[in-house]
Amino acid sequence: MHDELLTIGRFARLCRLSVKQLRHYDEMGLLAPVRVDAGSGYRYYAPEQARNALTIALLREMDLPLAVIAQALAAEPERRAQILRAERDRLTERISRDQARLEMLERLAQSGLPGYEVKMSREPERRLAVVRAACTPAEIGEKVEECVGRLLPVLGRARVVWEPPLWGLYPLDLEERMEIAVGAQMPQVEGTPGLEFEVLPGGLVAETVHIGSYAQLPLAYNALFAAIHERGLRPQVPVREAYLVGPAEAPPEELMTRLIIPVQEGMA
């Protein structure tokens, strides 16, 4: 049997890996040698283990965590496909976030920190019909679309007149798990299934307008919060976004969003 096995050095060369990597895979429980000499501690591998070794190396090159690779190798084909598709979706999401960051950096490189006009105004009280969702910061865009998809059909079935634009309501801090809402201003209609109502109190607000993709909204928020703190004001919830020109009406670079943050005199 010894003659049929490969030393760790030969096996490493066969799989284009390092001895250090193979030892690490063994320690992680990913790829154990078929035999370890009791006296010398030398590790020996079977040639048929090369496929798994090469697969591990390939998946690591794609930056998959070792724990996920271990699950995939141990799973049946159908479950393995589910694990890999989940990693694909996470990678897609990460690429999307990185693309948004690249666009913001390019905008900053071309024209510096955008000059948003922040003004103080008084916002009237508004009654909104809202639908809510829980999400992470990375899921905001997806959940807003989902909320819009839930809200508009209910408004249509209720045959009530609502006043554009649609509104997004957010917490001050984008926490790991948070609640958001999408709403439409309308008179209260009793007994409308699938809807709840929220009254946004009127009062002093800081506001600005962002023109461009939603991915670049952090630039506008940077200017808005900076202006609030420079004036010695205290931001309040909910942060409001009014979608003056939405995705159905214009390409991303022409979207228009009004950002509104209620404020109080004096810092906390």
# chains A, B, ... in the order shown; residues from 1 in each chain; ligands from 1
$ residues_around --residues "A:Tyr44" --least-positions-apart "3" --cutoff "6 Å" --atoms "only C-alpha atoms" --output "PyMOL selection string"
chain A and resi 5-8+33+35
$ closest_atom_pairs --of "stretch 38-136 of chain A" --to "stretch 169-179 of chain A" --cutoff "7 Å" --atoms "only C-alpha atoms" --output "CSV"
residue,atom,partner,partner_atom,distance
A:Arg132,CA,A:Glu179,CA,6.9
A:Ala133,CA,A:Glu179,CA,5.7
A:Ala134,CA,A:Glu179,CA,4.4
A:Cys135,CA,A:Arg177,CA,5.6
A:Thr136,CA,A:Arg177,CA,4.9
$ atom_distance --atom1 "atom CA of A:Leu200" --atom2 "atom CA of A:Pro165"
14.9 Å
$ select_by_dssp --residues "stretch 15-146 of chain A" --states "strand (DSSP E or B)" --output "number ranges by chain"
A: 35-36, 43-45, 119-123, 126-135
$ closest_residue --among "A:Met28, A:Leu17, A:Leu195, A:Ala81" --to "A:Pro153" --atoms "only C-alpha atoms"
A:Leu195
$ residues_around --residues "stretch 218-224 of chain A" --least-positions-apart "2" --cutoff "12 Å" --atoms "only C-alpha atoms" --output "compact mmCIF listing (two decimals) with all heavy atoms, in the first residue's frame"
# COMPACT_ATOMS: atom_id res chain seq x y z
N ALA A 100 -20.58 50.20 -6.75
CA ALA A 100 -21.13 51.46 -6.26
C ALA A 100 -20.03 52.31 -5.63
O ALA A 100 -19.98 53.53 -5.82
CB ALA A 100 -22.24 51.19 -5.25
N ARG A 101 -19.12 51.67 -4.90
CA ARG A 101 -18.01 52.41 -4.29
C ARG A 101 -17.09 52.99 -5.36
O ARG A 101 -16.60 54.12 -5.23
CB ARG A 101 -17.23 51.49 -3.35
CG ARG A 101 -18.03 51.02 -2.14
CD ARG A 101 -17.16 50.23 -1.19
NE ARG A 101 -17.93 49.73 -0.07
CZ ARG A 101 -18.21 48.45 0.15
NH1 ARG A 101 -17.76 47.53 -0.69
NH2 ARG A 101 -18.91 48.07 1.20
N GLU A 103 -17.93 53.89 -8.35
CA GLU A 103 -18.61 55.03 -8.97
C GLU A 103 -18.52 56.27 -8.09
O GLU A 103 -18.32 57.39 -8.58
CB GLU A 103 -20.07 54.66 -9.25
CG GLU A 103 -20.23 53.62 -10.36
CD GLU A 103 -21.65 53.13 -10.50
OE1 GLU A 103 -22.53 53.61 -9.73
OE2 GLU A 103 -21.91 52.27 -11.36
N MET A 104 -18.66 56.07 -6.76
CA MET A 104 -18.55 57.22 -5.87
C MET A 104 -17.14 57.78 -5.87
O MET A 104 -16.94 59.00 -5.87
CB MET A 104 -18.97 56.82 -4.45
CG MET A 104 -20.48 56.74 -4.28
SD MET A 104 -21.00 56.73 -2.54
CE MET A 104 -20.47 55.08 -2.06
N LEU A 105 -16.13 56.88 -5.88
CA LEU A 105 -14.75 57.35 -5.91
C LEU A 105 -14.46 58.11 -7.19
O LEU A 105 -13.75 59.13 -7.19
CB LEU A 105 -13.80 56.16 -5.78
CG LEU A 105 -13.67 55.56 -4.38
CD1 LEU A 105 -12.85 54.27 -4.42
CD2 LEU A 105 -13.01 56.57 -3.42
N ARG A 107 -16.63 59.77 -8.97
CA ARG A 107 -17.30 61.07 -8.87
C ARG A 107 -16.50 62.03 -7.99
O ARG A 107 -16.35 63.21 -8.31
CB ARG A 107 -18.71 60.88 -8.30
CG ARG A 107 -19.54 62.15 -8.21
CD ARG A 107 -21.00 61.83 -7.96
NE ARG A 107 -21.78 63.03 -7.73
CZ ARG A 107 -23.10 63.06 -7.61
NH1 ARG A 107 -23.78 61.93 -7.72
NH2 ARG A 107 -23.75 64.18 -7.39
N LEU A 108 -15.96 61.51 -6.90
CA LEU A 108 -15.14 62.34 -6.02
C LEU A 108 -13.85 62.76 -6.70
O LEU A 108 -13.38 63.89 -6.55
CB LEU A 108 -14.83 61.58 -4.73
CG LEU A 108 -16.00 61.37 -3.76
CD1 LEU A 108 -15.61 60.41 -2.66
CD2 LEU A 108 -16.45 62.70 -3.18
N GLY A 112 -14.43 66.34 -6.79
CA GLY A 112 -14.32 66.56 -5.35
C GLY A 112 -15.62 66.19 -4.66
O GLY A 112 -16.54 65.63 -5.25
N LEU A 113 -15.72 66.52 -3.36
CA LEU A 113 -16.94 66.24 -2.62
C LEU A 113 -18.07 67.06 -3.22
O LEU A 113 -17.98 68.28 -3.29
CB LEU A 113 -16.75 66.59 -1.14
CG LEU A 113 -17.83 66.07 -0.20
CD1 LEU A 113 -17.81 64.54 -0.18
CD2 LEU A 113 -17.61 66.62 1.21
N PRO A 114 -19.13 66.40 -3.69
CA PRO A 114 -20.20 67.14 -4.36
C PRO A 114 -20.76 68.24 -3.47
O PRO A 114 -20.90 68.09 -2.26
CB PRO A 114 -21.25 66.05 -4.63
CG PRO A 114 -20.47 64.77 -4.66
CD PRO A 114 -19.37 64.96 -3.67
N GLY A 115 -21.08 69.35 -4.10
CA GLY A 115 -21.61 70.49 -3.36
C GLY A 115 -23.12 70.45 -3.28
O GLY A 115 -23.81 70.98 -4.16
N TYR A 116 -23.64 69.80 -2.27
CA TYR A 116 -25.09 69.75 -2.08
C TYR A 116 -25.56 71.00 -1.35
O TYR A 116 -24.94 71.43 -0.37
CB TYR A 116 -25.48 68.51 -1.27
CG TYR A 116 -25.33 67.21 -2.02
CD1 TYR A 116 -24.15 66.47 -1.92
CD2 TYR A 116 -26.35 66.71 -2.82
CE1 TYR A 116 -24.00 65.27 -2.60
CE2 TYR A 116 -26.21 65.52 -3.50
CZ TYR A 116 -25.03 64.80 -3.39
OH TYR A 116 -24.89 63.62 -4.07
N GLU A 117 -26.65 71.55 -1.81
CA GLU A 117 -27.27 72.67 -1.11
C GLU A 117 -28.18 72.10 -0.02
O GLU A 117 -29.18 71.43 -0.32
CB GLU A 117 -28.07 73.54 -2.07
CG GLU A 117 -28.74 74.71 -1.37
CD GLU A 117 -29.66 75.49 -2.29
OE1 GLU A 117 -29.76 75.14 -3.48
OE2 GLU A 117 -30.31 76.44 -1.80
N VAL A 118 -27.82 72.36 1.21
CA VAL A 118 -28.64 71.90 2.34
C VAL A 118 -29.40 73.11 2.87
O VAL A 118 -28.81 74.15 3.17
CB VAL A 118 -27.77 71.29 3.45
CG1 VAL A 118 -28.64 70.90 4.65
CG2 VAL A 118 -27.02 70.07 2.92
N LYS A 119 -30.70 72.96 2.97
CA LYS A 119 -31.50 74.08 3.48
C LYS A 119 -32.39 73.61 4.62
O LYS A 119 -32.73 72.43 4.73
CB LYS A 119 -32.34 74.71 2.36
CG LYS A 119 -33.39 73.81 1.77
CD LYS A 119 -34.16 74.54 0.68
CE LYS A 119 -35.28 73.67 0.09
NZ LYS A 119 -36.05 74.39 -0.93
N MET A 120 -32.74 74.57 5.48
CA MET A 120 -33.66 74.32 6.57
C MET A 120 -35.05 74.77 6.12
O MET A 120 -35.21 75.81 5.49
CB MET A 120 -33.25 75.09 7.82
CG MET A 120 -31.78 74.91 8.21
SD MET A 120 -31.30 73.18 8.46
CE MET A 120 -32.40 72.75 9.80
N PRO A 137 -28.28 46.64 5.95
CA PRO A 137 -27.96 47.75 5.04
C PRO A 137 -27.77 47.31 3.60
O PRO A 137 -28.19 48.02 2.67
CB PRO A 137 -26.67 48.32 5.63
CG PRO A 137 -26.77 48.02 7.09
CD PRO A 137 -27.45 46.68 7.17
N LEU A 172 -31.99 56.40 11.80
CA LEU A 172 -30.80 57.25 11.69
C LEU A 172 -29.54 56.42 11.46
O LEU A 172 -28.67 56.80 10.68
CB LEU A 172 -30.63 58.08 12.97
CG LEU A 172 -31.52 59.31 13.11
CD1 LEU A 172 -31.37 59.90 14.51
CD2 LEU A 172 -31.18 60.36 12.06
N ASP A 173 -29.45 55.31 12.16
CA ASP A 173 -28.26 54.46 12.06
C ASP A 173 -28.59 53.21 11.27
O ASP A 173 -29.59 52.53 11.54
CB ASP A 173 -27.77 54.06 13.46
CG ASP A 173 -27.38 55.28 14.30
OD1 ASP A 173 -26.72 56.17 13.74
OD2 ASP A 173 -27.75 55.32 15.48
N LEU A 174 -27.76 52.91 10.29
CA LEU A 174 -27.96 51.71 9.48
C LEU A 174 -27.38 50.52 10.22
O LEU A 174 -26.22 50.16 10.06
CB LEU A 174 -27.31 51.89 8.10
CG LEU A 174 -27.82 53.07 7.28
CD1 LEU A 174 -27.17 53.08 5.91
CD2 LEU A 174 -29.34 53.05 7.14
N VAL A 205 -36.93 70.75 9.48
CA VAL A 205 -36.15 69.68 8.85
C VAL A 205 -34.96 70.28 8.12
O VAL A 205 -34.96 71.46 7.75
CB VAL A 205 -37.00 68.86 7.84
CG1 VAL A 205 -38.21 68.23 8.52
CG2 VAL A 205 -37.41 69.71 6.64
N ALA A 206 -33.95 69.45 7.93
CA ALA A 206 -32.85 69.76 7.01
C ALA A 206 -33.08 68.90 5.77
O ALA A 206 -33.43 67.73 5.88
CB ALA A 206 -31.51 69.44 7.65
N GLU A 207 -32.86 69.48 4.61
CA GLU A 207 -33.13 68.72 3.39
C GLU A 207 -32.15 69.07 2.29
O GLU A 207 -31.53 70.13 2.28
CB GLU A 207 -34.56 68.96 2.91
CG GLU A 207 -34.85 70.39 2.49
CD GLU A 207 -36.22 70.50 1.83
OE1 GLU A 207 -36.37 70.02 0.69
OE2 GLU A 207 -37.13 71.08 2.46
N THR A 208 -32.00 68.14 1.36
CA THR A 208 -31.22 68.36 0.16
C THR A 208 -31.78 67.47 -0.93
O THR A 208 -32.62 66.60 -0.66
CB THR A 208 -29.72 68.09 0.39
OG1 THR A 208 -28.97 68.59 -0.73
CG2 THR A 208 -29.44 66.60 0.54
N VAL A 209 -31.34 67.68 -2.15
CA VAL A 209 -31.80 66.88 -3.29
C VAL A 209 -30.59 66.21 -3.93
O VAL A 209 -29.56 66.86 -4.18
CB VAL A 209 -32.54 67.75 -4.33
CG1 VAL A 209 -32.88 66.93 -5.58
CG2 VAL A 209 -33.81 68.32 -3.73
N HIS A 210 -30.73 64.91 -4.15
CA HIS A 210 -29.67 64.14 -4.81
C HIS A 210 -30.13 63.77 -6.21
O HIS A 210 -31.23 63.24 -6.39
CB HIS A 210 -29.38 62.87 -4.01
CG HIS A 210 -28.49 61.90 -4.72
ND1 HIS A 210 -27.13 62.12 -4.89
CD2 HIS A 210 -28.75 60.71 -5.33
CE1 HIS A 210 -26.60 61.10 -5.55
NE2 HIS A 210 -27.56 60.23 -5.83
N ILE A 211 -29.29 64.03 -7.19
CA ILE A 211 -29.55 63.60 -8.57
C ILE A 211 -28.51 62.56 -8.93
O ILE A 211 -27.29 62.84 -8.92
CB ILE A 211 -29.50 64.79 -9.54
CG1 ILE A 211 -30.59 65.81 -9.18
CG2 ILE A 211 -29.67 64.31 -10.99
CD1 ILE A 211 -30.58 67.06 -10.03
N GLY A 212 -28.96 61.38 -9.23
CA GLY A 212 -28.04 60.29 -9.55
C GLY A 212 -28.54 58.99 -8.97
O GLY A 212 -29.65 58.90 -8.44
N SER A 213 -27.73 57.96 -9.08
CA SER A 213 -28.15 56.63 -8.66
C SER A 213 -28.28 56.56 -7.14
O SER A 213 -27.65 57.31 -6.39
CB SER A 213 -27.14 55.58 -9.14
OG SER A 213 -25.94 55.67 -8.40
N TYR A 214 -29.10 55.61 -6.70
CA TYR A 214 -29.27 55.41 -5.26
C TYR A 214 -27.97 54.96 -4.61
O TYR A 214 -27.75 55.21 -3.42
CB TYR A 214 -30.37 54.38 -5.01
CG TYR A 214 -31.74 54.80 -5.51
CD1 TYR A 214 -32.59 53.88 -6.13
CD2 TYR A 214 -32.18 56.10 -5.36
CE1 TYR A 214 -33.84 54.26 -6.59
CE2 TYR A 214 -33.43 56.51 -5.82
CZ TYR A 214 -34.27 55.58 -6.43
OH TYR A 214 -35.50 55.96 -6.88
N ALA A 215 -27.11 54.31 -5.36
CA ALA A 215 -25.84 53.86 -4.80
C ALA A 215 -24.98 55.03 -4.34
O ALA A 215 -24.09 54.85 -3.50
CB ALA A 215 -25.08 53.02 -5.83
N GLN A 216 -25.22 56.23 -4.88
CA GLN A 216 -24.43 57.40 -4.51
C GLN A 216 -25.11 58.28 -3.47
O GLN A 216 -24.62 59.36 -3.13
CB GLN A 216 -24.10 58.22 -5.76
CG GLN A 216 -23.21 57.47 -6.74
CD GLN A 216 -22.88 58.29 -7.98
OE1 GLN A 216 -23.19 59.46 -8.07
NE2 GLN A 216 -22.22 57.65 -8.93
N ALA A 226 -23.48 66.51 7.92
CA ALA A 226 -22.46 67.50 8.27
C ALA A 226 -23.10 68.86 8.53
O ALA A 226 -22.75 69.55 9.50
CB ALA A 226 -21.43 67.60 7.14
N ALA A 227 -24.04 69.25 7.68
CA ALA A 227 -24.71 70.54 7.85
C ALA A 227 -25.52 70.57 9.14
O ALA A 227 -25.56 71.59 9.85
CB ALA A 227 -25.60 70.81 6.65
N ILE A 228 -26.16 69.47 9.46
CA ILE A 228 -26.96 69.40 10.69
C ILE A 228 -26.08 69.60 11.91
O ILE A 228 -26.38 70.39 12.81
CB ILE A 228 -27.70 68.04 10.77
CG1 ILE A 228 -28.82 68.00 9.73
CG2 ILE A 228 -28.25 67.80 12.17
CD1 ILE A 228 -29.48 66.64 9.59
N HIS A 229 -24.95 68.89 11.95
CA HIS A 229 -24.07 68.99 13.12
C HIS A 229 -23.38 70.35 13.18
O HIS A 229 -23.15 70.89 14.28
CB HIS A 229 -23.06 67.85 13.11
CG HIS A 229 -23.69 66.50 13.30
ND1 HIS A 229 -24.51 66.21 14.36
CD2 HIS A 229 -23.64 65.36 12.55
CE1 HIS A 229 -24.93 64.95 14.28
NE2 HIS A 229 -24.42 64.42 13.17
N GLU A 230 -23.04 70.92 12.05
CA GLU A 230 -22.42 72.25 12.04
C GLU A 230 -23.36 73.30 12.59
O GLU A 230 -22.92 74.30 13.17
CB GLU A 230 -22.00 72.62 10.61
CG GLU A 230 -20.76 71.87 10.13
CD GLU A 230 -20.54 72.01 8.64
OE1 GLU A 230 -21.35 72.70 7.98
OE2 GLU A 230 -19.55 71.45 8.13
N ARG A 231 -24.67 73.09 12.44
CA ARG A 231 -25.66 74.05 12.94
C ARG A 231 -26.04 73.77 14.39
O ARG A 231 -26.91 74.46 14.95
CB ARG A 231 -26.90 74.01 12.05
CG ARG A 231 -26.70 74.62 10.67
CD ARG A 231 -27.91 74.31 9.78
NE ARG A 231 -27.93 75.07 8.55
CZ ARG A 231 -27.25 74.77 7.46
NH1 ARG A 231 -26.43 73.71 7.46
NH2 ARG A 231 -27.34 75.50 6.37
N LEU A 233 -27.61 71.14 15.54
CA LEU A 233 -28.94 70.55 15.59
C LEU A 233 -28.86 69.07 15.90
O LEU A 233 -27.81 68.44 15.77
CB LEU A 233 -29.66 70.77 14.25
CG LEU A 233 -29.83 72.23 13.83
CD1 LEU A 233 -30.35 72.32 12.40
CD2 LEU A 233 -30.76 72.96 14.79
N PRO A 235 -30.44 65.41 14.88
CA PRO A 235 -31.30 64.70 13.91
C PRO A 235 -32.30 63.79 14.62
O PRO A 235 -32.03 63.25 15.69
CB PRO A 235 -30.29 63.89 13.09
CG PRO A 235 -29.12 63.70 14.00
CD PRO A 235 -29.05 64.93 14.85
N VAL A 239 -35.62 59.18 9.11
CA VAL A 239 -35.03 59.79 7.93
C VAL A 239 -35.96 59.50 6.75
O VAL A 239 -36.47 58.39 6.61
CB VAL A 239 -33.63 59.20 7.67
CG1 VAL A 239 -33.07 59.70 6.34
CG2 VAL A 239 -32.70 59.56 8.82
N ARG A 240 -36.20 60.50 5.92
CA ARG A 240 -37.19 60.36 4.85
C ARG A 240 -36.54 60.58 3.48
O ARG A 240 -35.73 61.49 3.31
CB ARG A 240 -38.32 61.38 5.04
CG ARG A 240 -38.89 61.37 6.46
CD ARG A 240 -39.76 62.57 6.73
NE ARG A 240 -40.05 62.68 8.16
CZ ARG A 240 -40.80 63.65 8.70
NH1 ARG A 240 -41.30 64.61 7.93
NH2 ARG A 240 -41.00 63.67 10.01
N GLU A 241 -36.92 59.75 2.55
CA GLU A 241 -36.53 59.93 1.16
C GLU A 241 -37.80 60.04 0.32
O GLU A 241 -38.66 59.16 0.40
CB GLU A 241 -35.68 58.77 0.66
CG GLU A 241 -34.33 58.66 1.33
CD GLU A 241 -33.50 57.48 0.86
OE1 GLU A 241 -33.97 56.75 -0.04
OE2 GLU A 241 -32.41 57.27 1.40
N MET A 256 -34.01 61.41 -9.14
CA MET A 256 -34.03 62.58 -8.27
C MET A 256 -34.68 62.19 -6.94
O MET A 256 -35.81 61.73 -6.91
CB MET A 256 -34.79 63.75 -8.91
CG MET A 256 -34.76 65.02 -8.08
SD MET A 256 -35.66 66.39 -8.88
CE MET A 256 -34.65 66.64 -10.34
N THR A 257 -33.91 62.38 -5.87
CA THR A 257 -34.38 61.98 -4.54
C THR A 257 -34.23 63.14 -3.58
O THR A 257 -33.15 63.73 -3.46
CB THR A 257 -33.56 60.78 -4.01
OG1 THR A 257 -33.53 59.75 -4.99
CG2 THR A 257 -34.15 60.24 -2.72
N ARG A 258 -35.31 63.46 -2.90
CA ARG A 258 -35.28 64.50 -1.86
C ARG A 258 -35.03 63.82 -0.52
O ARG A 258 -35.76 62.91 -0.12
CB ARG A 258 -36.61 65.25 -1.84
CG ARG A 258 -36.68 66.38 -0.83
CD ARG A 258 -38.03 67.09 -0.93
NE ARG A 258 -38.22 68.05 0.16
CZ ARG A 258 -39.32 68.16 0.87
NH1 ARG A 258 -40.37 67.39 0.60
NH2 ARG A 258 -39.40 69.06 1.84
N LEU A 259 -33.96 64.24 0.17
CA LEU A 259 -33.59 63.67 1.46
C LEU A 259 -33.99 64.65 2.55
O LEU A 259 -33.64 65.84 2.48
CB LEU A 259 -32.09 63.41 1.54
CG LEU A 259 -31.54 62.15 0.86
CD1 LEU A 259 -31.81 62.14 -0.63
CD2 LEU A 259 -30.04 62.04 1.11
N ILE A 260 -34.69 64.14 3.55
CA ILE A 260 -35.24 65.00 4.61
C ILE A 260 -34.94 64.37 5.95
O ILE A 260 -35.22 63.19 6.18
CB ILE A 260 -36.77 65.15 4.45
CG1 ILE A 260 -37.12 65.65 3.05
CG2 ILE A 260 -37.33 66.08 5.51
CD1 ILE A 260 -38.58 65.48 2.70
N ILE A 261 -34.36 65.16 6.86
CA ILE A 261 -34.10 64.69 8.22
C ILE A 261 -34.72 65.68 9.20
O ILE A 261 -34.33 66.86 9.23
CB ILE A 261 -32.60 64.55 8.50
CG1 ILE A 261 -31.96 63.55 7.53
CG2 ILE A 261 -32.37 64.10 9.95
CD1 ILE A 261 -30.48 63.33 7.74
N PRO A 262 -35.70 65.24 9.99
CA PRO A 262 -36.24 66.12 11.04
C PRO A 262 -35.13 66.49 12.03
O PRO A 262 -34.26 65.67 12.34
CB PRO A 262 -37.32 65.28 11.70
CG PRO A 262 -37.62 64.18 10.74
CD PRO A 262 -36.34 63.93 9.98
N VAL A 263 -35.15 67.71 12.56
CA VAL A 263 -34.12 68.15 13.49
C VAL A 263 -34.74 68.88 14.67
O VAL A 263 -35.86 69.41 14.60
CB VAL A 263 -33.09 69.08 12.80
CG1 VAL A 263 -32.30 68.31 11.74
CG2 VAL A 263 -33.76 70.30 12.20
$ closest_residue --among "A:Leu204, A:Ala72, A:Val148, A:Ile140" --to "A:Gly246" --atoms "only C-alpha atoms"
A:Val148
$ atom_distance --atom1 "atom CA of A:Leu244" --atom2 "atom CA of A:Trp167"
9.2 Å
$ residues_around --residues "stretch 18-27 of chain A" --least-positions-apart "6" --cutoff "12 Å" --atoms "only C-alpha atoms" --output "VMD selection string"
chain A and resid 7 to 12 33 to 36 41 to 45 49 to 50 52 to 54 56 to 57 60 66 to 67 69 to 70
$ write_last_selection --atoms "N, CA, C and O atoms" --output "short mmCIF file (atom, residue, chain, number, x, y, z; two decimals), in the first residue's frame"
data_model
loop_
_atom_site.label_atom_id
_atom_site.label_comp_id
_atom_site.auth_asym_id
_atom_site.auth_seq_id
_atom_site.Cartn_x
_atom_site.Cartn_y
_atom_site.Cartn_z
N THR A 7 4.01 10.78 -1.12
CA THR A 7 4.43 11.61 0.01
C THR A 7 3.77 12.98 -0.13
O THR A 7 3.31 13.38 -1.21
N ILE A 8 3.73 13.72 0.96
CA ILE A 8 3.08 15.04 0.93
C ILE A 8 3.77 15.96 -0.07
O ILE A 8 3.12 16.76 -0.74
N GLY A 9 5.10 15.83 -0.22
CA GLY A 9 5.81 16.67 -1.18
C GLY A 9 5.42 16.37 -2.61
O GLY A 9 5.16 17.28 -3.40
N ARG A 10 5.39 15.06 -2.95
CA ARG A 10 5.01 14.68 -4.32
C ARG A 10 3.55 15.04 -4.59
O ARG A 10 3.20 15.50 -5.69
N PHE A 11 2.69 14.81 -3.59
CA PHE A 11 1.27 15.11 -3.77
C PHE A 11 1.07 16.62 -3.95
O PHE A 11 0.25 17.06 -4.77
N ALA A 12 1.81 17.42 -3.20
CA ALA A 12 1.72 18.88 -3.33
C ALA A 12 2.10 19.32 -4.74
O ALA A 12 1.42 20.16 -5.35
N PRO A 33 -4.72 13.15 5.05
CA PRO A 33 -3.96 12.11 4.36
C PRO A 33 -4.56 10.74 4.68
O PRO A 33 -5.17 10.55 5.73
N VAL A 34 -4.39 9.80 3.76
CA VAL A 34 -4.95 8.47 4.01
C VAL A 34 -4.08 7.70 5.00
O VAL A 34 -4.54 6.72 5.60
N ARG A 35 -2.86 8.15 5.19
CA ARG A 35 -1.98 7.44 6.13
C ARG A 35 -0.97 8.42 6.72
O ARG A 35 -0.45 9.29 6.02
N VAL A 36 -0.76 8.28 8.03
CA VAL A 36 0.28 9.06 8.72
C VAL A 36 1.18 8.06 9.43
O VAL A 36 0.71 7.25 10.23
N GLY A 41 5.69 10.54 11.50
CA GLY A 41 4.66 11.57 11.30
C GLY A 41 4.49 11.98 9.85
O GLY A 41 3.73 12.91 9.54
N TYR A 42 5.16 11.31 8.91
CA TYR A 42 5.03 11.64 7.49
C TYR A 42 3.60 11.37 7.03
O TYR A 42 2.99 10.37 7.39
N ARG A 43 3.12 12.27 6.19
CA ARG A 43 1.78 12.14 5.64
C ARG A 43 1.86 11.53 4.24
O ARG A 43 2.74 11.89 3.46
N TYR A 44 0.90 10.64 3.93
CA TYR A 44 0.83 10.02 2.61
C TYR A 44 -0.58 10.19 2.05
O TYR A 44 -1.56 10.06 2.78
N TYR A 45 -0.64 10.49 0.76
CA TYR A 45 -1.91 10.74 0.09
C TYR A 45 -2.11 9.76 -1.06
O TYR A 45 -1.14 9.33 -1.69
N GLN A 49 -7.08 11.42 -4.36
CA GLN A 49 -7.40 12.60 -3.56
C GLN A 49 -7.06 13.90 -4.29
O GLN A 49 -7.42 14.98 -3.84
N ALA A 50 -6.39 13.78 -5.41
CA ALA A 50 -5.97 14.98 -6.15
C ALA A 50 -7.17 15.81 -6.59
O ALA A 50 -7.11 17.05 -6.58
N ASN A 52 -10.08 16.30 -5.12
CA ASN A 52 -10.55 17.15 -4.02
C ASN A 52 -9.55 18.25 -3.70
O ASN A 52 -9.93 19.39 -3.42
N ALA A 53 -8.27 17.91 -3.74
CA ALA A 53 -7.25 18.92 -3.45
C ALA A 53 -7.31 20.06 -4.46
O ALA A 53 -7.23 21.25 -4.09
N LEU A 54 -7.46 19.71 -5.72
CA LEU A 54 -7.54 20.73 -6.77
C LEU A 54 -8.82 21.56 -6.64
O LEU A 54 -8.83 22.77 -6.90
N ILE A 56 -10.45 22.19 -3.83
CA ILE A 56 -10.26 23.09 -2.69
C ILE A 56 -9.44 24.31 -3.12
O ILE A 56 -9.79 25.46 -2.82
N ALA A 57 -8.36 24.06 -3.84
CA ALA A 57 -7.51 25.16 -4.30
C ALA A 57 -8.28 26.11 -5.21
O ALA A 57 -8.14 27.33 -5.12
N ARG A 60 -10.72 28.13 -3.10
CA ARG A 60 -10.00 29.12 -2.30
C ARG A 60 -9.55 30.29 -3.16
O ARG A 60 -9.54 31.45 -2.72
N LEU A 66 -13.02 28.51 4.04
CA LEU A 66 -12.72 27.09 4.19
C LEU A 66 -13.90 26.32 4.76
O LEU A 66 -14.15 25.17 4.38
N ALA A 67 -14.65 26.95 5.68
CA ALA A 67 -15.81 26.26 6.26
C ALA A 67 -16.85 25.94 5.19
O ALA A 67 -17.47 24.87 5.21
N ILE A 69 -16.21 25.55 1.96
CA ILE A 69 -15.63 24.51 1.10
C ILE A 69 -15.82 23.14 1.73
O ILE A 69 -16.16 22.17 1.06
N ALA A 70 -15.61 23.07 3.04
CA ALA A 70 -15.79 21.79 3.74
C ALA A 70 -17.23 21.30 3.61
O ALA A 70 -17.47 20.11 3.36
#
$ atom_distance --atom1 "atom CA of A:Pro47" --atom2 "atom CA of A:Glu4"
8.1 Å
$ closest_residue --among "A:Glu163, A:Arg90, A:Pro65, A:Leu73" --to "A:Leu31" --atoms "only C-alpha atoms"
A:Leu73
$ closest_residue --among "A:Cys15, A:Met62, A:Leu84, A:Val68" --to "A:Leu30" --atoms "only C-alpha atoms"
A:Val68
$ select_by_dssp --residues "stretch 170-224 of chain A" --states "alpha helix (DSSP H)" --output "ChimeraX atom specification"
/A:217-224
$ closest_residue --among "A:Leu64, A:Leu255, A:Leu151, A:Ala242" --to "A:Arg85" --atoms "only C-alpha atoms"
A:Leu64
